[in-house]
Every structure is written in C-alpha cells, then in structure tokens.
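Engineer: Below is one structure. I have some questions about it.
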Amino acid sequence: MKLFFEILGAGCILYCLSILLFTGHGTNFFLIWGLAGILFLLWARYGSKLCDIMPAWFKKTACILLFLGIVVFVVVEGMVLSGFFKKGKEGLDYILVLGAQLKESGPSYVLQQRLDAAYDYLSQNENTMVIVSGGQGSNEPDTEAQGMYDYLVGRGIAPERIIKEDQSRNTYENISFSGQLFDREEVSVGIVTSNFHVFRALKLARAAGYKDVCGIAARSHAGVLPNNMLREFFGIVKDFLVGNLT
C-alpha cells in the first residue's frame with residue numbers, strides 16, 4: 001500500500017505540473033491535484049503509524065464515510081458523462097453559449113470549442129438566434145460575451161442574430177440572466193457548452209424555468225478532462241447544496 005500511495009501521489013503532482021506548464025488553465029482549481037499528491041505522499045510515509053494510534057471506532061467511521069464518498073462520486077460522474085454526446089435538436093428558437101476564459105489573443109481553447117459548436121449549429125439552422133453569455137473576469141481583456149460576438153461575426157454569423165449577455169460571472173448567472181431575454185416557457189433553447197458541463201447546465205436551466213431546453217456538447221481537451229471532471233463534481237455538489245439544482 002505504501003508503494004501504491006507513493007505512485008498515486010507522484011502521479012497527481014506530475015499531472016498538476018503538466019497542466020501548469022503545458023496544457024493551460026482558466027482557473028486555479030488544478031492546484032488541488034498538487035495538494036492531493038502531497039497528501040498521498042504524506043500518507044505513504046506516515047499512514048501506517050496514524051492507523052496504529054487511531055481508535056477502532058474512528059477507523060470504522062472513516063472507512064464508511066470514504067465508501068459513501070466514492071459511491072457519490074461515481075454516481076455524479078456517471079451523470080456528468082450522460083451529457084457528453086448531446087446534439088440538441090433542429091430548428092431551435094435560441095442557442096445559448098456559456099462563457100469561458102477570454103484571453104488577450106482571443107477565446108481560450110474551451111471557449112473556442114463552444115463557439116465552433118455554436119457556429120456549426122447556426123450554419124445549419126439559419127433561423128436560430130444565439131445568446132453569448134459571460135461577463136469580464138479580472139484576468140480578461142473584455143467581456144466574454146464581446147469576445148464571443150467578435151469570434152462568431154468573424155466567422156460569418158450575421159450580427160443581428162447575436163444577443164450579448166455580458167453581466168454574468170458563473171454558470172448559474174449565465175442561465176439566469178440569459179433567461180431574462182426570452183420567454184422561458186414558450187421558446188426552445190439549446191445550451192452550448194463543454195461536454196463535461198452539459199449535465200449541470202441543463203439541470204440549472206430546468207430549475208430556472210426553461211421548459212423546452214436541450215444540450216449541445218462541445219469537445220474538450222483530453223489532457224485536462226480529468227481536472228474538469230473533478231471540478232464539475234464539486235460544482236454539482238455545491239449547486240445542489242445551495243439549492244440551485246432540483
């Protein structure tokens with residue numbers, strides 16, 4: 001077991017460094033892998049000694065909680081995977097593109113993949129309007145909505161088909177603020193976001209009163225998919241606990 005935790009710890013730290021140095025990141029969540037790696041290495045070194053001094057009731061409780069945590073994690077990740085291949089449906093009234101990091105050079109990889117998926121849909125459904133949703137973060141040169149607008153116009157989407165929502169700061173606000181721009185109970189809406197993000201986005205939309213809503217999954221970078229999947233787990237748990245999900 002000591003060797004197992006040493007390998008696990010080293011792997012987590014190397015993954016953290018690979019995101020930092022090579023893959024790129026929009027948030028600092030990836031640092032959790034470095035922290036986990038350090039904890040695994042410490043457990044490899046001192047875990048057996050700690051187990052020797054722990055009372056039996058504490059060890060039993062810890063094992064039960066760990067097992068329940070693993071079950072919850074597997075169930076939630078299964079839900080996340082259920083949104084990976086959503087294609088939406090033809091002839092939607094609107095599609096809503098959820099924001100992601102905007103860089104000085106333009107959309108980040110994640111945001112560009114969402115925009116490319118939106119472009120493909122808009123090219124095949126010429127009567128569909130698009131809402132681009134996202135405010136400006138402290139490390140962004142402009143609002144995400146403006147960056148998305150510029151990208152789509154640059155690819156040939158008519159400006160009059162694009163509506164900007166530039167005040168939101170997170171997924172909940174993307175959904176809520178954009179929903180003020182149309183009748184949630186009457187129109188059909190496709191939510192365009194990264195494949196790992198579709199499940200939560202649809203749950204938030206339905207909780208916000210969207211009656212006819214579907215997901216349109218964009219590709220994501222395989223190198224950061226484990227990080228995004230783990231982050232999404234915590235996002236779903238957080239939204240559930242604060243009452244954003246039903």
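By convention here, the chains of the structure tokens are called A, B, ... in the order presented, each chain's residues are numbered starting at 1, and ligands are numbered starting at 1 in the order presented.
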Using only C-alpha atoms, which residues sit within 12 Å of A:Ile236 once same-chain residues fewer than 2 positions away are excluded, as a PyMOL selection string?
Structural biologist: chain A and resi 72-73+75-77+79-80+171-172+196-204+229-234+238-246
Engineer: Please, which residues in stretch 133-192 of chain A fall within 10 Å of stretch 125-128 of chain A when counting only C-alpha atoms, and what is the closest atom pair and distance in Å to one decimal for each, ordered by chain then residue number, as CSV?
Structural biologist:
```
residue,atom,partner,partner_atom,distance
A:Ile157,CA,A:Glu126,CA,9.5
A:Ala158,CA,A:Glu126,CA,10.0
A:Arg161,CA,A:Thr128,CA,7.5
A:Ile162,CA,A:Thr128,CA,9.6
A:Ser188,CA,A:Thr128,CA,9.8
A:Val189,CA,A:Thr128,CA,9.4
A:Gly190,CA,A:Thr128,CA,9.9
```
Engineer: Could you give me the residues within stretch 104-142 of chain A that DSSP places in strand (DSSP E), as a PyMOL selection string?
Structural biologist: chain A and resi 106-107+129-133
Engineer: For A:Ser105, which of A:Gly88, A:Gly147, A:Gly47, A:Gly69 is the closest residue, counting only C-alpha atoms?
Structural biologist: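 Between A:Gly88, A:Gly147, A:Gly47, A:Gly69, the residue approaching A:Ser105 most closely is A:Gly147.
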Engineer: How close does each residue of stretch 38-88 of chain A get to stretch 13-16 of chain A, giving the shortest atom pair and distance in Å to one decimal for every residue with an atom at most 12 Å away, counting only C-alpha atoms, sorted by chain and residue number, as a Markdown table?
Structural biologist:
```
| residue | atom | partner | partner_atom | distance |
| --- | --- | --- | --- | --- |
| A:Ile38 | CA | A:Ile13 | CA | 7.4 |
| A:Leu39 | CA | A:Ile13 | CA | 10.3 |
| A:Phe40 | CA | A:Ile13 | CA | 9.9 |
| A:Leu41 | CA | A:Ile13 | CA | 9.9 |
```
Engineer: Please write the residues from the selection above to a file, keeping N, CA, C and O atoms, as a tab-separated table (two decimals), in the first residue's frame.
Structural biologist:
```tsv
chain	number	residue	atom	x	y	z
A	38	ILE	N	0.56	15.70	-2.50
A	38	ILE	CA	1.31	15.86	-1.26
A	38	ILE	C	0.69	15.04	-0.14
A	38	ILE	O	1.38	14.36	0.63
A	39	LEU	N	-0.64	15.06	-0.05
A	39	LEU	CA	-1.34	14.29	0.99
A	39	LEU	C	-1.13	12.80	0.82
A	39	LEU	O	-0.93	12.07	1.80
A	40	PHE	N	-1.15	12.32	-0.43
A	40	PHE	CA	-0.92	10.90	-0.68
A	40	PHE	C	0.50	10.49	-0.28
A	40	PHE	O	0.72	9.42	0.31
A	41	LEU	N	1.46	11.36	-0.59
A	41	LEU	CA	2.85	11.05	-0.22
A	41	LEU	C	3.03	11.05	1.30
A	41	LEU	O	3.76	10.21	1.84
```
Engineer: Got a sec: who's within 6 Å of stretch 113-118 of chain A, counting only C-alpha atoms, leaving out chain neighbours fewer than 3 positions off, as a ChimeraX atom specification?
Structural biologist: /A:110,121,193,218
Engineer: Using only C-alpha atoms, which residue out of A:Lys89, A:Arg45, A:Lys2, A:Lys60 lies closest to A:Gly215?
Structural biologist: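 Looking only at the distances to A:Gly215, the closest residue turns out to be A:Lys89.
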Engineer: Between atom CA of A:Ser108 and atom CA of A:Asn195, what is the spacing in Å?
Structural biologist: 15.7 Å
Engineer: Write out as a list in words the set of residues from stretch 57-91 of chain A that DSSP, computed on the backbone, places in helix (DSSP H, G or I).
Structural biologist: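 Secondary structure check on stretch 57-91 of chain A, helix (DSSP H, G or I): Trp57, Phe58, Lys59, Lys60, Thr61, Ala62, Cys63, Ile64, Leu65, Leu66, Phe67, Leu68, Gly69, Ile70, Val71, Val72, Phe73, Val74, Val75, Val76, Glu77, Gly78, Met79, Val80 and Leu81 of chain A.
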Engineer: Please produce a file of the residues just selected, as a PDB file, in the first residue's frame, where the atoms kept are C-alpha atoms.
Structural biologist:
```pdb
ATOM      1  CA  TRP A  57     -14.478   3.421  16.052  1.00  0.00           C
ATOM      2  CA  PHE A  58     -12.717   6.261  14.253  1.00  0.00           C
ATOM      3  CA  LYS A  59     -11.216   3.947  11.628  1.00  0.00           C
ATOM      4  CA  LYS A  60     -14.569   2.260  11.056  1.00  0.00           C
ATOM      5  CA  THR A  61     -16.349   5.603  10.665  1.00  0.00           C
ATOM      6  CA  ALA A  62     -13.656   6.856   8.303  1.00  0.00           C
ATOM      7  CA  CYS A  63     -13.977   3.755   6.122  1.00  0.00           C
ATOM      8  CA  ILE A  64     -17.770   4.100   5.938  1.00  0.00           C
ATOM      9  CA  LEU A  65     -17.518   7.777   5.003  1.00  0.00           C
ATOM     10  CA  LEU A  66     -14.856   7.004   2.405  1.00  0.00           C
ATOM     11  CA  PHE A  67     -17.018   4.298   0.849  1.00  0.00           C
ATOM     12  CA  LEU A  68     -20.058   6.594   0.737  1.00  0.00           C
ATOM     13  CA  GLY A  69     -17.933   9.342  -0.776  1.00  0.00           C
ATOM     14  CA  ILE A  70     -16.734   7.015  -3.528  1.00  0.00           C
ATOM     15  CA  VAL A  71     -20.311   5.926  -4.282  1.00  0.00           C
ATOM     16  CA  VAL A  72     -21.496   9.547  -4.527  1.00  0.00           C
ATOM     17  CA  PHE A  73     -18.525  10.435  -6.718  1.00  0.00           C
ATOM     18  CA  VAL A  74     -19.169   7.556  -9.130  1.00  0.00           C
ATOM     19  CA  VAL A  75     -22.890   8.355  -9.371  1.00  0.00           C
ATOM     20  CA  VAL A  76     -22.290  12.069 -10.011  1.00  0.00           C
ATOM     21  CA  GLU A  77     -19.601  11.398 -12.595  1.00  0.00           C
ATOM     22  CA  GLY A  78     -21.982   9.000 -14.339  1.00  0.00           C
ATOM     23  CA  MET A  79     -24.482  11.845 -14.548  1.00  0.00           C
ATOM     24  CA  VAL A  80     -21.798  14.116 -15.982  1.00  0.00           C
ATOM     25  CA  LEU A  81     -20.960  11.526 -18.643  1.00  0.00           C
TER      26      LEU A  81
END
```
Engineer: What does the distance from atom CA of A:Phe85 to atom CA of A:Asn228 come to in Å, to one decimal?
Structural biologist: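 Separation between atom CA of A:Phe85 and atom CA of A:Asn228: 16.3 Å.
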Engineer: Distance atom CA of A:Ile175-atom CA of A:Val224, one decimal place?
Structural biologist: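 Pair atom CA of A:Ile175 / atom CA of A:Val224 returns 24.4 Å.
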Engineer: Would you please work out which residue, of A:Gln180, A:Ser123, A:Gln136, A:Ser168, is nearest to A:Gly156 when using only C-alpha atoms?
Structural biologist: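 When distances to A:Gly156 are compared using only C-alpha atoms, the smallest one comes from A:Ser123.
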Engineer: Would you please work out which residue, of A:Arg184, A:Asn174, A:Gln101, A:Glu160, is nearest to A:Glu144 when using only C-alpha atoms?
Structural biologist: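 Closest to A:Glu144, using only C-alpha atoms: A:Gln101.
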Engineer: Excluding same-chain residues fewer than 5 positions from A:Leu42, what lies within 10 Å of it counting only C-alpha atoms, as a PyMOL selection string?
Structural biologist: chain A and resi 5-6+9+36-37+47
Engineer: Could you dump the residues just selected with all heavy atoms as a CSV table (one decimal), in the first residue's frame?
Structural biologist:
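Saved result, selection.csv, follows:
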```csv
chain,number,residue,atom,x,y,z
A,5,PHE,N,0.4,4.4,-2.7
A,5,PHE,CA,0.2,5.8,-2.4
A,5,PHE,C,1.4,6.7,-2.9
A,5,PHE,O,1.2,7.9,-3.3
A,5,PHE,CB,-0.1,6.0,-0.9
A,5,PHE,CG,-1.4,5.6,-0.5
A,5,PHE,CD1,-1.7,4.5,0.3
A,5,PHE,CD2,-2.5,6.4,-0.9
A,5,PHE,CE1,-2.9,4.1,0.6
A,5,PHE,CE2,-3.8,6.0,-0.5
A,5,PHE,CZ,-4.0,4.9,0.3
A,6,GLU,N,2.6,6.2,-2.9
A,6,GLU,CA,3.7,6.9,-3.5
A,6,GLU,C,3.5,7.2,-5.0
A,6,GLU,O,3.7,8.3,-5.4
A,6,GLU,CB,5.0,6.2,-3.2
A,6,GLU,CG,5.4,6.2,-1.8
A,6,GLU,CD,6.7,5.4,-1.5
A,6,GLU,OE1,7.0,4.5,-2.4
A,6,GLU,OE2,7.4,5.6,-0.5
A,9,GLY,N,0.6,9.6,-5.4
A,9,GLY,CA,1.0,11.0,-5.1
A,9,GLY,C,1.8,11.6,-6.1
A,9,GLY,O,1.6,12.8,-6.5
A,36,ALA,N,-3.5,17.1,-3.4
A,36,ALA,CA,-3.8,15.7,-3.2
A,36,ALA,C,-2.5,14.9,-3.3
A,36,ALA,O,-2.3,13.9,-2.5
A,36,ALA,CB,-4.8,15.2,-4.3
A,37,GLY,N,-1.6,15.2,-4.2
A,37,GLY,CA,-0.4,14.4,-4.4
A,37,GLY,C,0.5,14.5,-3.1
A,37,GLY,O,1.0,13.5,-2.6
A,47,GLY,N,1.1,7.1,7.2
A,47,GLY,CA,-0.3,6.5,7.3
A,47,GLY,C,-0.4,5.3,8.2
A,47,GLY,O,-1.3,5.2,9.1
```
Engineer: Which neighbours of A:Leu17 fall inside 9 Å, counting only C-alpha atoms, when residues of the same chain fewer than 2 positions from it are skipped, and could you give them as a list in words?
Structural biologist: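 In the requested format, the answer is Cys12, Ile13, Leu14, Tyr15, Ile19, Leu20, Leu21, Phe22, Phe30, Leu31, Trp33 and Gly34 of chain A.
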Engineer: Using the selection just defined, write its residues with N, CA, C and O atoms as a PDB file, in the first residue's frame.
Structural biologist:
```pdb
ATOM      1  N   CYS A  12      -0.266  12.494  -9.214  1.00  0.00           N
ATOM      2  CA  CYS A  12      -1.077  13.705  -9.038  1.00  0.00           C
ATOM      3  C   CYS A  12      -0.228  14.966  -9.172  1.00  0.00           C
ATOM      4  O   CYS A  12      -0.644  15.950  -9.799  1.00  0.00           O
ATOM      5  N   ILE A  13       0.948  14.948  -8.585  1.00  0.00           N
ATOM      6  CA  ILE A  13       1.826  16.120  -8.659  1.00  0.00           C
ATOM      7  C   ILE A  13       2.290  16.355 -10.093  1.00  0.00           C
ATOM      8  O   ILE A  13       2.308  17.492 -10.582  1.00  0.00           O
ATOM      9  N   LEU A  14       2.633  15.283 -10.805  1.00  0.00           N
ATOM     10  CA  LEU A  14       3.054  15.429 -12.199  1.00  0.00           C
ATOM     11  C   LEU A  14       1.909  15.944 -13.071  1.00  0.00           C
ATOM     12  O   LEU A  14       2.127  16.758 -13.974  1.00  0.00           O
ATOM     13  N   TYR A  15       0.695  15.487 -12.802  1.00  0.00           N
ATOM     14  CA  TYR A  15      -0.461  15.965 -13.571  1.00  0.00           C
ATOM     15  C   TYR A  15      -0.687  17.450 -13.319  1.00  0.00           C
ATOM     16  O   TYR A  15      -0.957  18.220 -14.244  1.00  0.00           O
ATOM     17  N   ILE A  19      -0.449  20.475 -16.277  1.00  0.00           N
ATOM     18  CA  ILE A  19      -1.464  21.494 -16.574  1.00  0.00           C
ATOM     19  C   ILE A  19      -0.856  22.882 -16.472  1.00  0.00           C
ATOM     20  O   ILE A  19      -1.087  23.749 -17.330  1.00  0.00           O
ATOM     21  N   LEU A  20      -0.051  23.097 -15.443  1.00  0.00           N
ATOM     22  CA  LEU A  20       0.567  24.406 -15.225  1.00  0.00           C
ATOM     23  C   LEU A  20       1.518  24.785 -16.354  1.00  0.00           C
ATOM     24  O   LEU A  20       1.508  25.922 -16.845  1.00  0.00           O
ATOM     25  N   LEU A  21       2.311  23.810 -16.797  1.00  0.00           N
ATOM     26  CA  LEU A  21       3.398  24.127 -17.735  1.00  0.00           C
ATOM     27  C   LEU A  21       3.030  23.941 -19.203  1.00  0.00           C
ATOM     28  O   LEU A  21       3.565  24.650 -20.064  1.00  0.00           O
ATOM     29  N   PHE A  22       2.130  23.026 -19.498  1.00  0.00           N
ATOM     30  CA  PHE A  22       1.921  22.667 -20.899  1.00  0.00           C
ATOM     31  C   PHE A  22       0.480  22.831 -21.400  1.00  0.00           C
ATOM     32  O   PHE A  22       0.270  23.296 -22.513  1.00  0.00           O
ATOM     33  N   PHE A  30      -6.792  23.409 -10.689  1.00  0.00           N
ATOM     34  CA  PHE A  30      -5.852  22.316 -10.942  1.00  0.00           C
ATOM     35  C   PHE A  30      -4.883  22.111  -9.789  1.00  0.00           C
ATOM     36  O   PHE A  30      -4.281  21.029  -9.644  1.00  0.00           O
ATOM     37  N   LEU A  31      -4.693  23.130  -8.947  1.00  0.00           N
ATOM     38  CA  LEU A  31      -3.763  23.012  -7.828  1.00  0.00           C
ATOM     39  C   LEU A  31      -4.205  21.946  -6.826  1.00  0.00           C
ATOM     40  O   LEU A  31      -3.398  21.467  -6.032  1.00  0.00           O
ATOM     41  N   TRP A  33      -4.788  19.007  -7.477  1.00  0.00           N
ATOM     42  CA  TRP A  33      -4.044  17.783  -7.779  1.00  0.00           C
ATOM     43  C   TRP A  33      -2.695  17.786  -7.068  1.00  0.00           C
ATOM     44  O   TRP A  33      -2.240  16.751  -6.580  1.00  0.00           O
ATOM     45  N   GLY A  34      -2.051  18.957  -7.007  1.00  0.00           N
ATOM     46  CA  GLY A  34      -0.788  19.058  -6.285  1.00  0.00           C
ATOM     47  C   GLY A  34      -0.982  18.824  -4.804  1.00  0.00           C
ATOM     48  O   GLY A  34      -0.196  18.115  -4.160  1.00  0.00           O
TER      49      GLY A  34
END
```
